[in-house]
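Enquirer: So here's model.txt (compact mmCIF, C-alpha atoms).
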```
# COMPACT_ATOMS: atom_id res chain seq x y z
CA MET A 146 0.96 -34.39 5.50
CA ARG A 147 2.81 -31.11 5.35
CA GLY A 148 1.30 -30.52 1.91
CA ILE A 149 -2.22 -31.02 3.25
CA LYS A 150 -1.55 -28.69 6.14
CA SER A 151 -0.26 -25.94 3.84
CA ASN A 152 -3.28 -26.38 1.56
CA VAL A 153 -5.58 -25.88 4.52
CA ARG A 154 -3.74 -22.72 5.56
CA GLU A 155 -3.89 -21.42 2.02
CA ARG A 156 -7.61 -22.10 1.81
CA ILE A 157 -8.27 -20.21 5.05
CA ALA A 158 -6.01 -17.34 3.99
CA ARG A 159 -7.70 -17.06 0.57
CA ARG A 160 -11.13 -16.94 2.19
CA ALA A 161 -9.93 -14.36 4.71
CA GLU A 162 -8.74 -12.16 1.85
CA GLN A 163 -12.39 -11.71 0.84
CA GLU A 164 -12.93 -9.78 4.09
CA ILE A 165 -10.65 -7.03 2.84
CA GLU A 166 -12.25 -4.23 0.86
CA SER A 167 -10.43 -1.79 -1.37
CA GLY A 168 -9.47 1.29 0.63
CA TYR A 169 -9.05 -0.61 3.88
CA TYR A 170 -6.27 -0.16 6.42
CA VAL A 171 -5.62 -3.66 7.73
CA ASN A 172 -3.54 -5.25 10.48
CA LEU A 173 -2.61 -8.89 9.94
CA GLY A 174 -1.51 -10.87 13.00
CA ILE A 175 1.59 -13.01 13.17
CA GLY A 176 1.51 -16.54 11.71
CA MET A 177 -1.32 -17.66 9.41
CA PRO A 178 -2.83 -14.12 9.19
CA THR A 179 0.42 -12.87 7.65
CA LEU A 180 -0.17 -15.31 4.74
CA VAL A 181 -3.34 -13.43 3.81
CA ALA A 182 -1.14 -10.68 2.34
CA ASN A 183 -0.02 -13.13 -0.39
CA TYR A 184 -3.56 -13.38 -1.73
CA ILE A 185 -4.74 -9.76 -1.73
CA SER A 186 -6.26 -9.10 -5.14
CA GLU A 187 -4.39 -6.61 -7.30
CA ASP A 188 -7.69 -4.82 -7.92
CA LYS A 189 -7.79 -3.71 -4.30
CA VAL A 190 -5.91 -0.78 -2.81
CA VAL A 191 -5.02 -1.96 0.69
CA VAL A 192 -2.62 -0.51 3.25
CA LEU A 193 -1.20 -2.97 5.77
CA GLN A 194 -0.28 -1.69 9.22
CA SER A 195 2.49 -3.18 11.29
CA GLU A 196 2.24 -2.29 14.98
CA ASN A 197 6.00 -1.76 15.34
CA GLY A 198 5.53 1.50 13.45
CA LEU A 199 4.89 1.06 9.72
CA LEU A 200 1.82 1.88 7.67
CA GLY A 201 2.24 0.41 4.20
CA ILE A 202 4.04 -2.94 4.45
CA GLY A 203 5.45 -3.99 1.10
CA GLU A 204 6.61 -7.37 -0.15
CA TYR A 205 9.61 -9.18 1.25
CA PRO A 206 12.86 -7.57 0.08
CA ALA A 207 15.10 -8.96 -2.64
CA GLU A 208 18.41 -10.18 -1.24
CA ASP A 209 20.11 -6.84 -1.98
CA GLU A 210 17.25 -4.76 -0.54
CA VAL A 211 17.35 -6.22 2.98
CA ASP A 212 17.39 -3.41 5.56
CA PRO A 213 17.94 -4.51 9.18
CA ASP A 214 16.02 -1.44 10.39
CA LEU A 215 12.89 -2.36 8.43
CA ILE A 216 10.86 -5.24 9.86
CA ASN A 217 7.24 -6.22 10.43
CA ALA A 218 5.71 -7.12 13.79
CA GLY A 219 6.78 -10.74 13.23
CA LYS A 220 10.37 -9.43 13.07
CA GLU A 221 10.71 -10.44 9.41
CA THR A 222 12.58 -8.14 7.06
CA VAL A 223 10.12 -6.37 4.75
CA THR A 224 9.93 -3.40 2.40
CA ALA A 225 7.67 -0.36 2.51
CA ILE A 226 5.25 0.58 -0.28
CA LYS A 227 5.23 3.96 -2.00
CA GLY A 228 3.27 6.23 0.32
CA ALA A 229 4.24 4.33 3.46
CA SER A 230 4.90 6.10 6.76
CA TYR A 231 6.90 5.31 9.89
CA PHE A 232 5.92 6.30 13.42
CA ASN A 233 6.55 5.41 17.05
CA SER A 234 4.85 2.64 19.02
CA ALA A 235 2.57 4.98 21.03
CA GLU A 236 1.26 6.52 17.82
CA SER A 237 0.90 3.06 16.31
CA PHE A 238 -1.34 1.89 19.11
CA GLY A 239 -3.15 5.23 19.20
CA MET A 240 -4.01 4.50 15.58
CA ILE A 241 -5.18 1.03 16.59
CA ARG A 242 -7.08 1.91 19.77
CA GLY A 243 -8.54 5.02 18.21
CA GLY A 244 -10.49 2.91 15.74
CA HIS A 245 -8.62 3.91 12.59
CA ILE A 246 -7.83 0.37 11.44
CA ASP A 247 -10.70 -1.07 9.40
CA LEU A 248 -9.96 -4.73 9.95
CA ALA A 249 -7.66 -6.93 12.01
CA ILE A 250 -7.20 -10.58 11.09
CA LEU A 251 -5.82 -12.59 14.01
CA GLY A 252 -5.11 -16.19 14.87
CA GLY A 253 -6.97 -17.97 17.66
CA MET A 254 -6.65 -20.84 20.11
CA GLU A 255 -10.27 -20.61 21.31
CA VAL A 256 -13.24 -18.40 20.46
CA SER A 257 -16.43 -18.49 22.50
CA SER A 258 -19.99 -18.04 21.25
CA GLN A 259 -19.96 -14.54 22.86
CA GLY A 260 -16.91 -13.55 20.82
CA ASP A 261 -14.35 -13.96 23.59
CA LEU A 262 -10.91 -14.69 22.17
CA ALA A 263 -8.04 -16.64 23.73
CA ASN A 264 -4.84 -16.64 21.70
CA TRP A 265 -1.89 -15.73 23.90
CA MET A 266 -1.17 -18.27 26.62
CA ILE A 267 -1.58 -21.86 27.70
CA PRO A 268 -1.33 -22.28 31.48
CA GLY A 269 1.58 -24.53 32.42
CA LYS A 270 3.47 -23.66 29.25
CA MET A 271 5.99 -20.87 29.05
CA ILE A 272 4.30 -17.50 28.79
CA LYS A 273 5.71 -15.60 25.84
CA GLY A 274 3.60 -12.50 26.22
CA MET A 275 0.59 -11.00 24.50
CA GLY A 276 2.43 -8.53 22.28
CA GLY A 277 -0.08 -6.21 20.66
CA ALA A 278 -3.05 -8.59 20.45
CA MET A 279 -4.90 -7.24 23.51
CA ASP A 280 -4.81 -3.71 22.12
CA LEU A 281 -5.74 -4.77 18.60
CA VAL A 282 -8.89 -6.64 19.60
CA HIS A 283 -10.32 -3.45 21.14
CA GLY A 284 -9.26 -1.07 18.42
CA ALA A 285 -9.93 -2.34 14.94
CA GLN A 286 -13.42 -1.73 13.49
CA LYS A 287 -13.78 -5.42 12.72
CA ILE A 288 -12.02 -8.43 14.22
CA THR A 289 -11.82 -11.60 12.15
CA VAL A 290 -10.22 -14.68 13.66
CA ILE A 291 -8.80 -17.33 11.36
CA MET A 292 -7.91 -20.76 12.73
CA ASP A 293 -8.39 -24.49 12.32
CA HIS A 294 -11.89 -25.58 13.29
CA VAL A 295 -10.64 -28.23 15.72
CA ASN A 296 -7.37 -28.68 17.62
CA LYS A 297 -4.77 -31.42 17.16
CA ASP A 298 -6.85 -33.79 19.29
CA GLY A 299 -9.95 -33.12 17.20
CA ALA A 300 -11.65 -31.07 19.94
CA PRO A 301 -13.63 -27.93 18.99
CA LYS A 302 -11.83 -24.59 19.16
CA ILE A 303 -15.15 -22.76 18.99
CA VAL A 304 -16.48 -23.26 22.51
CA LYS A 305 -19.28 -22.20 24.89
CA GLU A 306 -16.77 -20.59 27.27
CA CYS A 307 -13.03 -20.26 26.72
CA SER A 308 -10.97 -22.39 29.08
CA LEU A 309 -7.75 -20.50 28.28
CA PRO A 310 -6.96 -17.03 29.63
CA LEU A 311 -8.61 -14.41 27.44
CA THR A 312 -7.02 -11.96 25.06
CA GLY A 313 -10.26 -9.99 24.92
CA LYS A 314 -13.88 -10.36 25.99
CA GLY A 315 -16.65 -10.04 23.42
CA VAL A 316 -14.32 -8.78 20.71
CA VAL A 317 -14.59 -11.20 17.77
CA ASN A 318 -16.96 -10.42 14.88
CA ARG A 319 -16.24 -13.26 12.45
CA ILE A 320 -14.53 -16.66 12.56
CA ILE A 321 -13.10 -18.26 9.42
CA THR A 322 -11.91 -21.86 9.71
CA ASP A 323 -11.04 -24.67 7.33
CA ARG A 324 -14.66 -25.81 7.67
CA ALA A 325 -16.93 -22.76 7.97
CA VAL A 326 -17.47 -19.03 8.31
CA LEU A 327 -19.39 -18.00 11.43
CA ASP A 328 -20.49 -14.62 12.77
CA VAL A 329 -20.80 -13.68 16.42
CA THR A 330 -24.22 -12.02 16.82
CA LYS A 331 -26.45 -11.01 19.74
CA GLU A 332 -28.58 -14.06 19.02
CA GLY A 333 -25.57 -16.39 19.01
CA LEU A 334 -23.19 -17.90 16.49
CA VAL A 335 -24.51 -17.82 12.95
CA VAL A 336 -22.97 -20.09 10.34
CA ARG A 337 -22.85 -18.31 6.97
CA GLU A 338 -20.68 -20.55 4.81
CA ILE A 339 -19.55 -24.16 4.71
CA ALA A 340 -16.20 -24.99 3.10
CA ASN A 341 -15.69 -27.53 0.32
CA GLY A 342 -15.64 -31.08 1.58
CA PHE A 343 -17.68 -30.47 4.75
CA THR A 344 -21.36 -30.80 5.59
CA LEU A 345 -23.44 -28.61 7.90
CA GLU A 346 -23.77 -31.63 10.19
CA GLU A 347 -19.99 -32.02 10.43
CA VAL A 348 -19.60 -28.34 11.25
CA LYS A 349 -22.30 -28.55 13.95
CA ASN A 350 -20.68 -31.65 15.46
CA SER A 351 -17.25 -30.05 15.62
CA THR A 352 -18.51 -26.78 17.17
CA GLU A 353 -19.26 -26.88 20.91
CA PRO A 354 -22.03 -24.26 21.18
CA ASP A 355 -25.29 -24.56 19.24
CA ILE A 356 -25.14 -22.64 16.01
CA ILE A 357 -27.83 -20.78 14.10
CA VAL A 358 -27.96 -21.55 10.39
CA SER A 359 -28.17 -18.45 8.25
CA PRO A 360 -31.16 -18.54 5.85
CA SER A 361 -28.71 -17.59 3.11
CA ILE A 362 -26.07 -20.19 4.04
CA ARG A 363 -23.70 -21.08 1.22
CA TYR A 364 -22.32 -24.55 0.75
CA ASP A 365 -19.01 -25.37 -0.94
CA ALA A 366 -18.33 -21.66 -0.47
CA TYR A 367 -14.53 -21.82 -0.58
CA MET B 140 26.22 20.71 23.63
CA LYS B 141 25.50 17.34 25.16
CA ARG B 142 28.08 15.16 26.74
CA GLN B 143 29.64 12.68 24.31
CA PHE B 144 30.95 9.29 25.37
CA MET B 145 33.87 7.31 23.99
CA ASP B 146 32.25 3.88 23.91
CA GLY B 147 29.37 1.82 25.30
CA TYR B 148 31.11 1.18 28.59
CA ASP B 149 31.96 4.85 29.06
CA ALA B 150 28.28 5.74 28.55
CA VAL B 151 26.85 3.35 31.15
CA LYS B 152 29.64 2.79 33.67
CA ASP B 153 28.07 5.09 36.30
CA ILE B 154 24.70 3.31 36.33
CA PRO B 155 24.38 1.90 39.86
CA ASN B 156 23.11 -1.49 41.00
CA GLY B 157 19.33 -1.67 41.43
CA SER B 158 18.54 0.96 38.79
CA THR B 159 15.41 0.95 36.68
CA LEU B 160 16.36 1.06 32.99
CA MET B 161 14.23 1.60 29.93
CA VAL B 162 15.74 0.22 26.77
CA GLY B 163 14.48 1.05 23.27
CA GLY B 164 13.91 -1.39 20.45
CA PHE B 165 11.44 -3.84 18.94
CA GLY B 166 13.01 -7.26 18.67
CA LEU B 167 16.63 -6.47 17.82
CA VAL B 168 15.71 -3.41 15.74
CA GLY B 169 16.56 -0.05 17.27
CA ILE B 170 18.30 -1.41 20.36
CA PRO B 171 21.26 0.53 21.82
CA GLU B 172 23.55 -2.42 21.23
CA GLN B 173 26.89 -0.94 22.23
CA MET B 174 25.49 0.43 25.50
CA ILE B 175 24.04 -3.00 26.30
CA LEU B 176 27.51 -4.46 25.75
CA GLY B 177 28.77 -1.71 28.07
CA LEU B 178 26.38 -2.89 30.77
CA VAL B 179 27.70 -6.43 30.40
CA GLU B 180 31.20 -5.04 30.90
CA SER B 181 30.22 -2.87 33.90
CA GLY B 182 28.59 -5.89 35.57
CA VAL B 183 25.86 -3.72 37.15
CA LYS B 184 23.35 -5.95 38.98
CA GLY B 185 19.77 -5.98 40.24
CA LEU B 186 18.36 -4.12 37.25
CA THR B 187 14.68 -3.61 36.56
CA VAL B 188 14.42 -3.43 32.79
CA ILE B 189 11.47 -1.97 30.89
CA SER B 190 11.62 -2.92 27.22
CA ASN B 191 9.18 -4.40 24.71
CA ASN B 192 11.30 -7.56 24.30
CA CYS B 193 14.26 -9.09 26.07
CA GLY B 194 16.66 -9.76 23.21
CA VAL B 195 17.71 -13.21 22.09
CA ASP B 196 19.97 -15.68 23.85
CA ASP B 197 23.22 -14.21 22.54
CA TRP B 198 22.42 -10.59 21.66
CA GLY B 199 20.73 -7.50 23.05
CA LEU B 200 19.18 -7.70 26.51
CA GLY B 201 19.60 -11.49 26.39
CA LEU B 202 23.27 -10.85 27.22
CA LEU B 203 22.30 -9.15 30.50
CA LEU B 204 19.95 -11.99 31.33
CA LYS B 205 22.63 -14.59 30.75
CA ASN B 206 24.85 -12.60 33.10
CA HIS B 207 22.13 -12.50 35.81
CA GLN B 208 22.09 -8.70 35.82
CA ILE B 209 18.30 -8.34 35.52
CA THR B 210 15.97 -9.13 38.44
CA LYS B 211 12.75 -7.78 36.97
CA MET B 212 11.57 -7.40 33.40
CA ILE B 213 8.55 -5.41 32.20
CA GLY B 214 7.70 -6.10 28.55
CA SER B 215 5.06 -7.34 26.13
CA TYR B 216 6.70 -10.26 24.33
CA VAL B 217 9.61 -12.31 25.59
CA GLY B 218 9.22 -15.44 23.48
CA GLU B 219 12.58 -15.53 21.69
CA ASN B 220 14.76 -16.34 24.64
CA LYS B 221 15.33 -19.76 26.27
CA GLU B 222 17.40 -18.39 29.13
CA PHE B 223 14.52 -16.05 29.96
CA GLU B 224 12.19 -19.03 30.24
CA ARG B 225 14.60 -20.90 32.49
CA GLN B 226 15.09 -17.95 34.86
CA VAL B 227 11.34 -17.27 35.14
CA LEU B 228 10.56 -20.91 35.88
CA SER B 229 13.32 -21.12 38.49
CA GLY B 230 12.13 -17.89 40.15
CA GLU B 231 15.36 -15.98 39.48
CA LEU B 232 13.60 -13.45 37.30
CA GLU B 233 10.37 -11.58 37.95
CA VAL B 234 8.33 -10.70 34.86
CA GLU B 235 5.44 -8.29 34.33
CA LEU B 236 3.74 -8.70 30.96
CA THR B 237 1.88 -5.69 29.60
CA PRO B 238 -0.03 -5.40 26.32
CA GLN B 239 2.25 -3.72 23.80
CA GLY B 240 0.04 -0.67 23.27
CA THR B 241 -0.41 -0.28 27.01
CA LEU B 242 3.36 -0.48 27.47
CA ALA B 243 3.95 2.21 24.85
CA GLU B 244 1.31 4.45 26.41
CA ARG B 245 2.55 3.84 29.97
CA ILE B 246 6.00 5.00 28.87
CA ARG B 247 4.57 7.95 26.96
CA ALA B 248 2.47 8.91 29.98
CA GLY B 249 5.45 8.62 32.32
CA GLY B 250 7.49 10.98 30.17
CA ALA B 251 4.57 13.39 29.73
CA GLY B 252 3.62 13.77 33.40
CA ILE B 253 0.45 11.69 33.25
CA PRO B 254 0.31 9.36 36.29
CA ALA B 255 -2.29 6.94 34.91
CA PHE B 256 -4.85 6.47 32.14
CA TYR B 257 -7.73 4.21 31.16
CA THR B 258 -7.42 1.76 28.27
CA PRO B 259 -9.68 -1.05 27.00
CA ALA B 260 -6.75 -3.43 26.41
CA GLY B 261 -6.74 -6.29 28.90
CA VAL B 262 -10.26 -5.86 30.31
CA GLY B 263 -11.65 -9.29 31.21
CA THR B 264 -8.19 -10.88 31.01
CA PRO B 265 -5.50 -11.71 33.61
CA VAL B 266 -3.89 -8.32 32.83
CA ALA B 267 -6.73 -6.43 34.53
CA GLU B 268 -6.77 -8.55 37.70
CA GLY B 269 -6.41 -6.38 40.80
CA LYS B 270 -6.62 -3.16 38.80
CA GLU B 271 -9.28 -0.47 38.94
CA THR B 272 -11.79 -0.53 36.10
CA ARG B 273 -14.34 2.04 35.05
CA VAL B 274 -17.11 2.24 32.47
CA PHE B 275 -17.18 5.12 29.99
CA ASP B 276 -20.07 5.30 27.51
CA GLY B 277 -21.00 1.68 28.19
CA LYS B 278 -17.51 0.22 27.65
CA GLU B 279 -15.20 -0.98 30.38
CA TYR B 280 -11.63 0.29 30.74
CA VAL B 281 -8.75 -0.58 33.05
CA LEU B 282 -6.56 1.94 34.84
CA GLU B 283 -2.88 1.63 33.92
CA LYS B 284 -0.03 3.60 35.47
CA GLY B 285 2.65 5.64 33.74
CA LEU B 286 6.23 4.36 33.83
CA LYS B 287 9.47 6.23 34.44
CA ALA B 288 13.08 5.15 34.58
CA ASP B 289 16.31 6.17 36.28
CA TYR B 290 18.11 5.72 32.97
CA SER B 291 16.79 5.45 29.42
CA LEU B 292 19.04 3.87 26.81
CA ILE B 293 17.93 4.38 23.25
CA ARG B 294 19.17 4.28 19.69
CA ALA B 295 18.71 6.78 16.88
CA LEU B 296 20.13 7.17 13.41
CA LYS B 297 21.51 10.65 13.81
CA ALA B 298 21.96 13.29 16.50
CA ASP B 299 23.24 16.84 16.39
CA GLU B 300 25.45 18.13 19.19
CA MET B 301 22.38 19.48 21.03
CA GLY B 302 20.89 15.98 21.18
CA ASN B 303 18.17 16.48 18.59
CA LEU B 304 17.41 13.06 17.11
CA ILE B 305 16.27 11.39 13.92
CA TYR B 306 15.41 7.68 13.78
CA ASN B 307 15.57 5.25 10.87
CA LYS B 308 12.46 3.43 9.62
CA THR B 309 11.04 0.89 12.09
CA ALA B 310 14.02 1.36 14.38
CA ARG B 311 12.02 4.27 15.84
CA ASN B 312 9.48 2.07 17.71
CA PHE B 313 9.65 2.69 21.49
CA ASN B 314 12.71 4.97 21.40
CA PRO B 315 10.99 8.41 21.31
CA MET B 316 8.76 7.69 24.33
CA ILE B 317 11.62 6.10 26.24
CA ALA B 318 13.73 9.21 25.56
CA ALA B 319 11.23 11.31 27.50
CA ALA B 320 10.60 8.88 30.36
CA GLY B 321 14.15 8.61 31.71
CA LYS B 322 15.70 10.90 34.35
CA VAL B 323 18.91 10.41 32.41
CA THR B 324 18.61 9.55 28.71
CA LEU B 325 21.63 8.24 26.85
CA VAL B 326 21.47 7.88 23.09
CA GLU B 327 23.50 5.67 20.81
CA VAL B 328 23.61 6.98 17.24
CA GLU B 329 25.27 6.04 14.00
CA GLN B 330 26.34 9.61 13.41
CA ILE B 331 26.67 12.86 15.38
CA VAL B 332 26.45 15.87 13.07
CA PRO B 333 27.19 19.54 13.82
CA THR B 334 24.29 21.49 15.26
CA GLY B 335 22.24 23.01 12.46
CA MET B 336 22.74 20.11 10.09
CA ILE B 337 19.31 18.64 10.89
CA GLU B 338 16.31 20.61 9.69
CA PRO B 339 14.18 21.58 12.72
CA ASP B 340 11.11 20.24 10.89
CA GLN B 341 12.72 16.82 10.49
CA ILE B 342 13.63 16.26 14.15
CA HIS B 343 11.76 13.34 15.76
CA THR B 344 12.98 13.80 19.34
CA PRO B 345 13.99 17.26 20.58
CA GLY B 346 17.27 17.42 22.48
CA ILE B 347 15.62 18.51 25.74
CA TYR B 348 15.13 14.84 26.64
CA VAL B 349 18.74 13.85 26.01
CA GLN B 350 21.65 13.94 28.47
CA GLY B 351 24.39 12.02 26.67
CA LEU B 352 25.39 10.83 23.19
CA LEU B 353 27.43 7.94 21.91
CA GLU B 354 28.44 7.62 18.28
CA ALA B 355 29.02 3.95 17.53
CA VAL B 356 29.05 1.46 14.69
CA GLN B 357 25.96 -0.76 14.74
CA GLU B 358 26.01 -4.48 14.06
CA LYS B 359 22.23 -4.54 13.45
CA ARG B 360 21.68 -8.27 13.73
CA ILE B 361 18.65 -9.59 11.88
CA GLU B 362 16.30 -11.97 13.69
CA ARG B 363 14.32 -13.20 10.69
CA ARG B 364 15.89 -12.53 7.34
CA THR B 365 13.00 -12.99 4.93
CA VAL B 366 13.56 -12.40 1.22
CA ARG B 367 11.42 -12.86 -1.86
CA GLU B 368 12.46 -15.19 -4.60
CA GLY B 369 14.04 -13.94 -7.79
```
Do you think you could lay out the structure here as structure tokens?
Expert:
Amino acid sequence: MRGIKSNVRERIARRAEQEIESGYYVNLGIGMPTLVANYISEDKVVVLQSENGLLGIGEYPAEDEVDPDLINAGKETVTAIKGASYFNSAESFGMIRGGHIDLAILGGMEVSSQGDLANWMIPGKMIKGMGGAMDLVHGAQKITVIMDHVNKDGAPKIVKECSLPLTGKGVVNRIITDRAVLDVTKEGLVVREIANGFTLEEVKNSTEPDIIVSPSIRYDAY
Amino acid sequence: MKRQFMDGYDAVKDIPNGSTLMVGGFGLVGIPEQMILGLVESGVKGLTVISNNCGVDDWGLGLLLKNHQITKMIGSYVGENKEFERQVLSGELEVELTPQGTLAERIRAGGAGIPAFYTPAGVGTPVAEGKETRVFDGKEYVLEKGLKADYSLIRALKADEMGNLIYNKTARNFNPMIAAAGKVTLVEVEQIVPTGMIEPDQIHTPGIYVQGLLEAVQEKRIERRTVREG
């Protein structure tokens, strides 16, 4: 079961990597989005931002390179690439809010057809805090949410209206799940790609709002 | 020449009950760890603490929590601490969660004499409830207030005797803004060097914000040691 789960995460992460263009400055959220870094093509020049004050996250350190003063926003020890820079948290979020980050890839609990995102709290459960997510969703040029298409009970995570408290209203541009790629547009949710092993019908049935099928929809896309 | 303290307790022993403290750090990185231990020793109570996180159960600000020294916490992410959860649920601890960028800017504003500012973060979410909002160029923003503190406790890599500071890597985080937002700012450093030993162009925080210095050995605990294979 664990193997299947990790395959699904890898599939989503590999598809999400295609959103990244060479030359981009990118912020990857904590959890599954962090995995995307493992799949960034060597042909692309990409600079990863970490909101705790690092532009140019490198790979994880070798045992003898671990520096306790050098972590990513998930508090993992990391390294810095050649050409990296360090800065304070106000500058970091100035960079984010000011629209200088090309793309943010974040996790999601619910996304609505209007692009509302809920990913920080479940009422009744302990509130951990929103961290930097609420700032990120308003700052990056493009917000892509990656998540499972349905929750543990099989219920849709793409919904007409979010039932959970929002992280941001009308902020999501693209949703990538284990089943499909959908865009939030003025006309509504447009399905662009269907993943291997799923049919359009299955995607429609596991998505709460009605979806528009792109004329150029791709099947078995990833 | 700034005042120099002997140890963490010496630095913080005069902080009175009921003070508002700002404490630097992101996770356990860049926290003034010896001064926090000094606060545990002083037993000061009724603290309002402004810090991005609240330590872990047995290190950093978590030690003050365990000791029931904090009554209110303002931060952005407090998820690493079971005692925190217990105290919030039992009503012993008041918590105000603020988006991380808003927190950084509120502290920056407080130190820079800006009483409030508009930001898009939190619009349409529980964070904006009860706050003024305003539309600029078709986009809605929420009014957030600057933050100040009675005491700011921060950590830097190096200070000179005039209190000019240099930070190390991602241990900079909230420390520079917190330095400016405290009425009294106390800095824990790994090394105090003679004035003139730090190039003026390399200084991250000018000494004007600093009232006291403590040179201390840092434990630098790691929350998530992640290494690559091979």
Enquirer: Using only C-alpha atoms, can you tell me which of A:Glu187, A:Glu236, A:Asp212, A:Asp280 comes closest to chain B?
Expert: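 Among the listed residues, the smallest separation from chain B belongs to A:Asp280.
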Enquirer: Pull out every residue of chain B that has at least one atom within 6 Å of chain A, counting only C-alpha atoms, and report them as a ChimeraX atom specification.
Expert: /B:168,215-218,238-240,243-244,260-261,263-264,308-313,361,363-367
Enquirer: Would you be able to write out as a list in words which residues have an atom within 10 Å of (-25.8, -27.2, 12.6) in the file's coordinates, counting all atoms listed in the file?
Expert: Val335, Val336, Thr344, Leu345, Glu346, Glu347, Val348, Lys349, Asn350, Ser351, Thr352, Pro354, Asp355, Ile356, Ile357 and Val358 of chain A
Enquirer: Given only C-alpha atoms as the basis, pick out the residue of B:Glu235, B:Val274, B:Ser158, B:Gly321 nearest to Ala248 in chain B.
Expert: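 Ranked by minimum distance to Ala248 in chain B, first place goes to B:Gly321.
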Enquirer: May I have the residues within 8 Å of Ser258 in chain A as a list of chain:residue names, using all atoms listed in the file and disregarding those fewer than 3 positions away in the same chain?
Expert: A:Asp261, A:Ile303, A:Val304, A:Lys305, A:Glu306, A:Val329, A:Gly333, A:Leu334, A:Pro354
Enquirer: Measure the distance from CA of Val332 in chain B to CA of Leu352 in chain B in Å and round it to one decimal.
Expert: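 Atom-to-atom, CA of Val332 in chain B and CA of Leu352 in chain B are spaced 11.4 Å apart.
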Enquirer: What separation in Å, quoted to one decimal, exists between CA of Met140 in chain B and CA of Glu180 in chain B?
Expert: 27.2 Å
Enquirer: For each of B:Ile347, B:Ala320, B:Ile189, B:Val179, take the minimum atom-to-atom distance to Asn303 in chain B, counting all atoms listed in the file, then give the residue where this is smallest.
Expert: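 Among the listed residues, B:Ile347 lies closest to Asn303 in chain B.
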Enquirer: With a cut-off of 12 Å, could you pull out the residues of range 294-322 of chain B touching range 278-289 of chain B and give me the nearest pair of atoms for each, distance in Å to one decimal, using only C-alpha atoms, ordered by chain and ascending number, as a tab-separated table?
Expert:
```
residue	atom	partner	partner_atom	distance
B:Met316	CA	B:Lys287	CA	10.2
B:Ile317	CA	B:Lys287	CA	8.5
B:Ala318	CA	B:Ala288	CA	9.9
B:Ala319	CA	B:Lys287	CA	8.8
B:Ala320	CA	B:Lys287	CA	5.0
B:Gly321	CA	B:Ala288	CA	4.6
B:Lys322	CA	B:Asp289	CA	5.1
```
Enquirer: Please dump the current selection as a compact mmCIF listing (two decimals), in the frame of the given file; keep C-alpha atoms.
Expert:
```txt
# COMPACT_ATOMS: atom_id res chain seq x y z
CA MET B 316 8.76 7.69 24.33
CA ILE B 317 11.62 6.10 26.24
CA ALA B 318 13.73 9.21 25.56
CA ALA B 319 11.23 11.31 27.50
CA ALA B 320 10.60 8.88 30.36
CA GLY B 321 14.15 8.61 31.71
CA LYS B 322 15.70 10.90 34.35
```
Enquirer: Fewer than 5 positions away in the same chain doesn't count, so skip those; otherwise give me all residues within 12 Å of Leu296 in chain B, counting all atoms listed in the file, as a PyMOL selection string.
Expert: (chain A and resi 214) or (chain B and resi 168-171+302-311+314+326-332+337+342-344+352-357+359)
Enquirer: Show which residues sit within 10 Å of Ala150 in chain B, as a list in words. Count all atoms listed in the file, and ignore same-chain residues fewer than 6 positions away.
Expert: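 Contacts, with the query itself left out: Arg142, Gln143, Phe144, Gln173, Met174, Ile175, Gly177, Leu178, Leu292, Leu325, Val326, Glu327, Gly351, Leu352 and Leu353 of chain B.
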Enquirer: Between CA of Glu255 in chain A and CA of Asp298 in chain A, what distance in Å does the model show, to one decimal?
Expert: 13.8 Å
Enquirer: Which residue gives the smallest distance to Gln259 in chain A among A:Ser186, A:Ser167, A:Ser361, A:Asn318, with all atoms listed in the file counted?
Expert: A:Asn318
Enquirer: Give me the residues within 12 Å of Leu193 in chain A as a ChimeraX atom specification, counting all atoms listed in the file and dropping any in the same chain fewer than 2 places off.
Expert: /A:165,167-174,178-179,181-183,185,190-191,195-196,198-204,217-218,223-226,228-230,246-250
Enquirer: Using only C-alpha atoms, can you tell me which of A:Trp265, A:Gln163, A:Gly260, A:Arg154 comes closest to Leu236 in chain B?
Expert: A:Trp265
